[in-house]
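Asks: Below you'll find target-v1.txt; it's compact mmCIF, N, CA and C atoms.
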# COMPACT_ATOMS: atom_id res chain seq x y z
N MET Z 1 137.88 50.63 142.89
CA MET Z 1 136.94 50.10 143.87
C MET Z 1 137.74 49.55 145.06
N ARG Z 2 137.26 49.78 146.24
CA ARG Z 2 137.92 49.31 147.45
C ARG Z 2 137.83 47.81 147.57
N SER Z 3 138.91 47.20 148.02
CA SER Z 3 138.90 45.76 148.22
C SER Z 3 138.15 45.42 149.50
N GLN Z 4 137.76 44.16 149.62
CA GLN Z 4 137.07 43.70 150.83
C GLN Z 4 137.96 43.92 152.06
N LYS Z 5 139.27 43.70 151.91
CA LYS Z 5 140.20 43.88 153.02
C LYS Z 5 140.19 45.33 153.51
N ASP Z 6 140.20 46.29 152.54
CA ASP Z 6 140.15 47.70 152.92
C ASP Z 6 138.86 48.03 153.65
N ARG Z 7 137.76 47.47 153.18
CA ARG Z 7 136.48 47.72 153.83
C ARG Z 7 136.49 47.20 155.26
N GLU Z 8 137.11 46.05 155.47
CA GLU Z 8 137.14 45.45 156.80
C GLU Z 8 138.14 46.14 157.71
N SER Z 9 139.22 46.69 157.13
CA SER Z 9 140.26 47.30 157.95
C SER Z 9 139.82 48.62 158.55
N GLY Z 10 138.82 49.26 157.95
CA GLY Z 10 138.29 50.49 158.54
C GLY Z 10 139.07 51.73 158.21
N SER Z 11 139.73 51.79 157.09
CA SER Z 11 140.54 52.95 156.75
C SER Z 11 139.76 53.89 155.82
N THR Z 12 138.67 54.45 156.34
CA THR Z 12 137.88 55.37 155.54
C THR Z 12 137.81 56.72 156.21
N ALA Z 13 137.50 57.71 155.42
CA ALA Z 13 137.38 59.06 155.95
C ALA Z 13 136.30 59.14 157.02
N LEU Z 14 135.19 58.47 156.79
CA LEU Z 14 134.10 58.50 157.77
C LEU Z 14 134.50 57.85 159.08
N GLN Z 15 135.25 56.77 159.01
CA GLN Z 15 135.68 56.12 160.24
C GLN Z 15 136.67 57.00 160.98
N TRP Z 16 137.53 57.69 160.25
CA TRP Z 16 138.47 58.59 160.90
C TRP Z 16 137.70 59.65 161.68
N VAL Z 17 136.68 60.20 161.05
CA VAL Z 17 135.90 61.23 161.72
C VAL Z 17 135.17 60.67 162.93
N ALA Z 18 134.58 59.50 162.77
CA ALA Z 18 133.84 58.90 163.89
C ALA Z 18 134.74 58.70 165.09
N VAL Z 19 135.96 58.26 164.86
CA VAL Z 19 136.89 58.02 165.96
C VAL Z 19 137.51 59.32 166.43
N SER Z 20 137.99 60.14 165.50
CA SER Z 20 138.69 61.36 165.85
C SER Z 20 137.81 62.36 166.58
N LEU Z 21 136.59 62.48 166.14
CA LEU Z 21 135.69 63.46 166.74
C LEU Z 21 134.78 62.85 167.79
N GLN Z 22 135.00 61.57 168.10
CA GLN Z 22 134.20 60.85 169.07
C GLN Z 22 132.72 61.01 168.76
N ALA Z 23 132.39 60.63 167.54
CA ALA Z 23 131.02 60.77 167.04
C ALA Z 23 130.08 59.82 167.75
N PRO Z 24 128.80 60.15 167.80
CA PRO Z 24 127.81 59.27 168.44
C PRO Z 24 127.60 58.01 167.62
N ASP Z 25 126.90 57.04 168.22
CA ASP Z 25 126.66 55.76 167.57
C ASP Z 25 126.00 55.91 166.21
N SER Z 26 125.16 56.92 166.03
CA SER Z 26 124.49 57.10 164.74
C SER Z 26 125.51 57.38 163.64
N ALA Z 27 126.58 58.10 163.96
CA ALA Z 27 127.62 58.36 162.96
C ALA Z 27 128.37 57.08 162.63
N VAL Z 28 128.58 56.23 163.62
CA VAL Z 28 129.25 54.96 163.38
C VAL Z 28 128.38 54.09 162.49
N ALA Z 29 127.07 54.15 162.67
CA ALA Z 29 126.16 53.41 161.79
C ALA Z 29 126.28 53.91 160.36
N ASP Z 30 126.46 55.21 160.19
CA ASP Z 30 126.66 55.77 158.85
C ASP Z 30 127.92 55.21 158.22
N VAL Z 31 128.96 54.99 159.04
CA VAL Z 31 130.20 54.42 158.53
C VAL Z 31 129.95 53.03 157.98
N THR Z 32 129.16 52.23 158.69
CA THR Z 32 128.85 50.89 158.23
C THR Z 32 128.15 50.94 156.88
N GLU Z 33 127.19 51.86 156.74
CA GLU Z 33 126.52 52.01 155.46
C GLU Z 33 127.50 52.41 154.39
N HIS Z 34 128.45 53.28 154.74
CA HIS Z 34 129.44 53.74 153.77
C HIS Z 34 130.29 52.58 153.25
N GLN Z 35 130.58 51.63 154.10
CA GLN Z 35 131.43 50.52 153.70
C GLN Z 35 130.82 49.74 152.55
N GLU Z 36 129.51 49.82 152.40
CA GLU Z 36 128.84 49.10 151.34
C GLU Z 36 128.86 49.86 150.03
N SER Z 37 129.22 51.13 150.04
CA SER Z 37 129.29 51.90 148.81
C SER Z 37 130.74 52.24 148.50
N ASP Z 38 130.98 52.69 147.28
CA ASP Z 38 132.34 52.99 146.86
C ASP Z 38 132.77 54.41 147.20
N MET Z 39 131.86 55.35 147.12
CA MET Z 39 132.19 56.74 147.39
C MET Z 39 131.24 57.28 148.45
N ILE Z 40 131.74 58.27 149.19
CA ILE Z 40 130.88 58.88 150.18
C ILE Z 40 130.04 59.96 149.51
N SER Z 41 128.86 60.20 150.06
CA SER Z 41 127.95 61.16 149.45
C SER Z 41 128.44 62.59 149.68
N GLU Z 42 127.89 63.48 148.90
CA GLU Z 42 128.23 64.90 149.02
C GLU Z 42 127.87 65.42 150.40
N ILE Z 43 126.75 64.98 150.93
CA ILE Z 43 126.35 65.40 152.28
C ILE Z 43 127.37 64.93 153.31
N GLN Z 44 127.83 63.69 153.17
CA GLN Z 44 128.83 63.17 154.10
C GLN Z 44 130.14 63.94 153.99
N VAL Z 45 130.53 64.27 152.77
CA VAL Z 45 131.77 65.05 152.56
C VAL Z 45 131.67 66.37 153.30
N HIS Z 46 130.56 67.07 153.14
CA HIS Z 46 130.41 68.37 153.78
C HIS Z 46 130.25 68.26 155.29
N THR Z 47 129.66 67.17 155.77
CA THR Z 47 129.56 66.95 157.21
C THR Z 47 130.95 66.73 157.80
N ILE Z 48 131.75 65.90 157.14
CA ILE Z 48 133.12 65.66 157.61
C ILE Z 48 133.91 66.95 157.57
N ALA Z 49 133.79 67.69 156.48
CA ALA Z 49 134.53 68.95 156.33
C ALA Z 49 134.15 69.93 157.45
N ARG Z 50 132.86 70.05 157.72
CA ARG Z 50 132.40 70.96 158.77
C ARG Z 50 132.93 70.54 160.14
N GLN Z 51 132.87 69.23 160.41
CA GLN Z 51 133.35 68.74 161.71
C GLN Z 51 134.85 68.95 161.86
N MET Z 52 135.58 68.72 160.78
CA MET Z 52 137.03 68.95 160.85
C MET Z 52 137.33 70.42 161.04
N LEU Z 53 136.60 71.28 160.35
CA LEU Z 53 136.80 72.72 160.48
C LEU Z 53 136.50 73.19 161.90
N GLU Z 54 135.44 72.65 162.50
CA GLU Z 54 135.10 73.00 163.88
C GLU Z 54 136.17 72.54 164.85
N LYS Z 55 136.74 71.36 164.61
CA LYS Z 55 137.72 70.81 165.54
C LYS Z 55 139.12 71.42 165.35
N HIS Z 56 139.53 71.59 164.09
CA HIS Z 56 140.91 71.99 163.80
C HIS Z 56 141.06 73.41 163.29
N GLY Z 57 139.97 74.11 163.03
CA GLY Z 57 140.07 75.43 162.41
C GLY Z 57 140.59 75.26 160.99
N PHE Z 58 141.30 76.27 160.50
CA PHE Z 58 141.78 76.19 159.12
C PHE Z 58 142.94 75.21 158.96
N GLU Z 59 143.47 74.70 160.05
CA GLU Z 59 144.45 73.62 160.01
C GLU Z 59 143.82 72.35 159.43
N ALA Z 60 142.50 72.30 159.42
CA ALA Z 60 141.78 71.15 158.86
C ALA Z 60 142.11 70.94 157.39
N ILE Z 61 142.38 72.02 156.67
CA ILE Z 61 142.76 71.91 155.25
C ILE Z 61 144.05 71.11 155.14
N ALA Z 62 145.03 71.46 155.95
CA ALA Z 62 146.31 70.75 155.92
C ALA Z 62 146.14 69.31 156.39
N GLN Z 63 145.29 69.09 157.39
CA GLN Z 63 145.05 67.74 157.90
C GLN Z 63 144.45 66.85 156.81
N ALA Z 64 143.47 67.37 156.09
CA ALA Z 64 142.85 66.60 155.01
C ALA Z 64 143.87 66.30 153.91
N ALA Z 65 144.73 67.28 153.61
CA ALA Z 65 145.77 67.07 152.60
C ALA Z 65 146.77 66.00 153.06
N ARG Z 66 147.13 66.02 154.35
CA ARG Z 66 148.04 65.00 154.88
C ARG Z 66 147.41 63.61 154.80
N ASN Z 67 146.12 63.54 155.12
CA ASN Z 67 145.43 62.26 155.03
C ASN Z 67 145.40 61.75 153.59
N ALA Z 68 145.19 62.66 152.64
CA ALA Z 68 145.19 62.28 151.23
C ALA Z 68 146.57 61.76 150.81
N LEU Z 69 147.60 62.45 151.23
CA LEU Z 69 148.97 62.00 150.90
C LEU Z 69 149.27 60.63 151.49
N ALA Z 70 148.85 60.42 152.72
CA ALA Z 70 149.08 59.13 153.36
C ALA Z 70 148.38 58.01 152.58
N CYS Z 71 147.17 58.28 152.13
CA CYS Z 71 146.44 57.28 151.35
C CYS Z 71 147.12 57.04 150.01
N GLU Z 72 147.61 58.10 149.39
CA GLU Z 72 148.31 57.95 148.11
C GLU Z 72 149.57 57.11 148.28
N HIS Z 73 150.29 57.33 149.38
CA HIS Z 73 151.50 56.54 149.62
C HIS Z 73 151.18 55.07 149.86
N LYS Z 74 149.99 54.79 150.40
CA LYS Z 74 149.57 53.40 150.60
C LYS Z 74 148.99 52.79 149.33
N GLY Z 75 148.80 53.63 148.32
CA GLY Z 75 148.25 53.15 147.06
C GLY Z 75 146.73 53.13 147.02
N ASP Z 76 146.09 53.75 147.98
CA ASP Z 76 144.63 53.79 148.04
C ASP Z 76 144.16 55.09 147.38
N THR Z 77 144.09 55.07 146.06
CA THR Z 77 143.75 56.28 145.32
C THR Z 77 142.31 56.73 145.55
N GLU Z 78 141.41 55.80 145.75
CA GLU Z 78 140.00 56.16 145.98
C GLU Z 78 139.85 56.91 147.29
N GLU Z 79 140.47 56.41 148.33
CA GLU Z 79 140.42 57.08 149.63
C GLU Z 79 141.10 58.45 149.55
N ALA Z 80 142.21 58.52 148.83
CA ALA Z 80 142.90 59.80 148.66
C ALA Z 80 142.00 60.81 147.95
N ARG Z 81 141.26 60.35 146.95
CA ARG Z 81 140.33 61.21 146.22
C ARG Z 81 139.24 61.74 147.17
N GLU Z 82 138.77 60.90 148.07
CA GLU Z 82 137.77 61.34 149.04
C GLU Z 82 138.34 62.42 149.95
N TRP Z 83 139.58 62.23 150.41
CA TRP Z 83 140.20 63.24 151.27
C TRP Z 83 140.42 64.54 150.52
N ARG Z 84 140.77 64.47 149.23
CA ARG Z 84 140.92 65.70 148.43
C ARG Z 84 139.57 66.41 148.29
N HIS Z 85 138.52 65.64 148.15
CA HIS Z 85 137.17 66.20 148.06
C HIS Z 85 136.83 66.91 149.37
N ILE Z 86 137.16 66.28 150.48
CA ILE Z 86 136.93 66.90 151.80
C ILE Z 86 137.76 68.17 151.93
N GLU Z 87 139.01 68.12 151.50
CA GLU Z 87 139.88 69.29 151.54
C GLU Z 87 139.26 70.45 150.75
N ASP Z 88 138.76 70.16 149.55
CA ASP Z 88 138.11 71.19 148.73
C ASP Z 88 136.87 71.76 149.42
N ALA Z 89 136.10 70.90 150.07
CA ALA Z 89 134.90 71.37 150.77
C ALA Z 89 135.28 72.31 151.92
N ILE Z 90 136.35 72.01 152.62
CA ILE Z 90 136.81 72.89 153.71
C ILE Z 90 137.23 74.24 153.14
N LYS Z 91 137.91 74.21 152.01
CA LYS Z 91 138.34 75.49 151.38
C LYS Z 91 137.12 76.32 150.97
N ILE Z 92 136.07 75.67 150.50
CA ILE Z 92 134.85 76.40 150.14
C ILE Z 92 134.24 77.02 151.38
N MET Z 93 134.22 76.28 152.49
CA MET Z 93 133.66 76.81 153.74
C MET Z 93 134.48 77.97 154.27
N ARG Z 94 135.77 77.93 154.01
CA ARG Z 94 136.66 79.00 154.46
C ARG Z 94 136.31 80.30 153.77
N GLY Z 95 135.89 80.21 152.52
CA GLY Z 95 135.55 81.40 151.75
C GLY Z 95 136.76 81.95 151.03
N PRO Z 96 136.56 83.00 150.24
CA PRO Z 96 137.67 83.56 149.48
C PRO Z 96 138.67 84.26 150.37
N ARG Z 97 139.90 84.22 149.92
CA ARG Z 97 140.95 84.94 150.65
C ARG Z 97 140.81 86.44 150.38
N GLN Z 98 141.11 87.20 151.37
CA GLN Z 98 141.03 88.66 151.19
C GLN Z 98 142.43 89.24 151.24
N SER Z 99 142.66 90.26 150.44
CA SER Z 99 143.98 90.89 150.43
C SER Z 99 143.93 92.27 151.02
Can you present the structure in this file as structure tokens?
Replies:
Amino acid sequence: MRSQKDRESGSTALQWVAVSLQAPDSAVADVTEHQESDMISEIQVHTIARQMLEKHGFEAIAQAARNALACEHKGDTEEAREWRHIEDAIKIMRGPRQS
């Protein structure tokens, strides 16, 4: 479970997206709601994944993986798990590899 300090510091996947993608105020309101829960919803995961894919292309997979690693190095396993979930969602959107 995230500590109160982590919730206040704003180090969540949703906040990253809100800032990185310059999301509208409604998305920032969603971030506030997220701070009250422990995990982000499946809809939010896929929304973040889609937005990252639109902004970064398939580089979004690597970006999500880097974010997960950064969280793991900080000891924030819950946040890292969320980033891994986002990474998996981006891979699903990418579709199967063709040979």
Asks: Restricting the calculation to only C-alpha atoms: of Z:Lys55, Z:Arg50, Z:Arg81, Z:Lys74, which residue gets closest to Arg94 in chain Z?
Replies: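 Among the listed residues, Z:Arg50 lies closest to Arg94 in chain Z.
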Asks: Within 6.5 Å of Arg84 in chain Z, counting all atoms listed in the file, which residues show up once you throw out same-chain ones fewer than 5 positions away? Write them as a PyMOL selection string, please.
Replies: chain Z and resi 64+68+79+89
Asks: Measuring atom to atom with only C-alpha atoms, identify which of Z:Arg97, Z:Ile90, Z:Cys71, Z:Glu78 is nearest to Glu54 in chain Z.
Replies: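 Smallest separation from Glu54 in chain Z among the options: Z:Ile90.
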Asks: Which value, in Å to one decimal, gives the distance between atom N of Gly95 in chain Z and atom N of Gln51 in chain Z?
Replies: 13.9 Å
Asks: Report the distance between atom N of Thr47 in chain Z and atom C of Pro96 in chain Z in Å, rounded to one decimal place.
Replies: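 Between atom N of Thr47 in chain Z and atom C of Pro96 in chain Z the gap works out to 20.1 Å.
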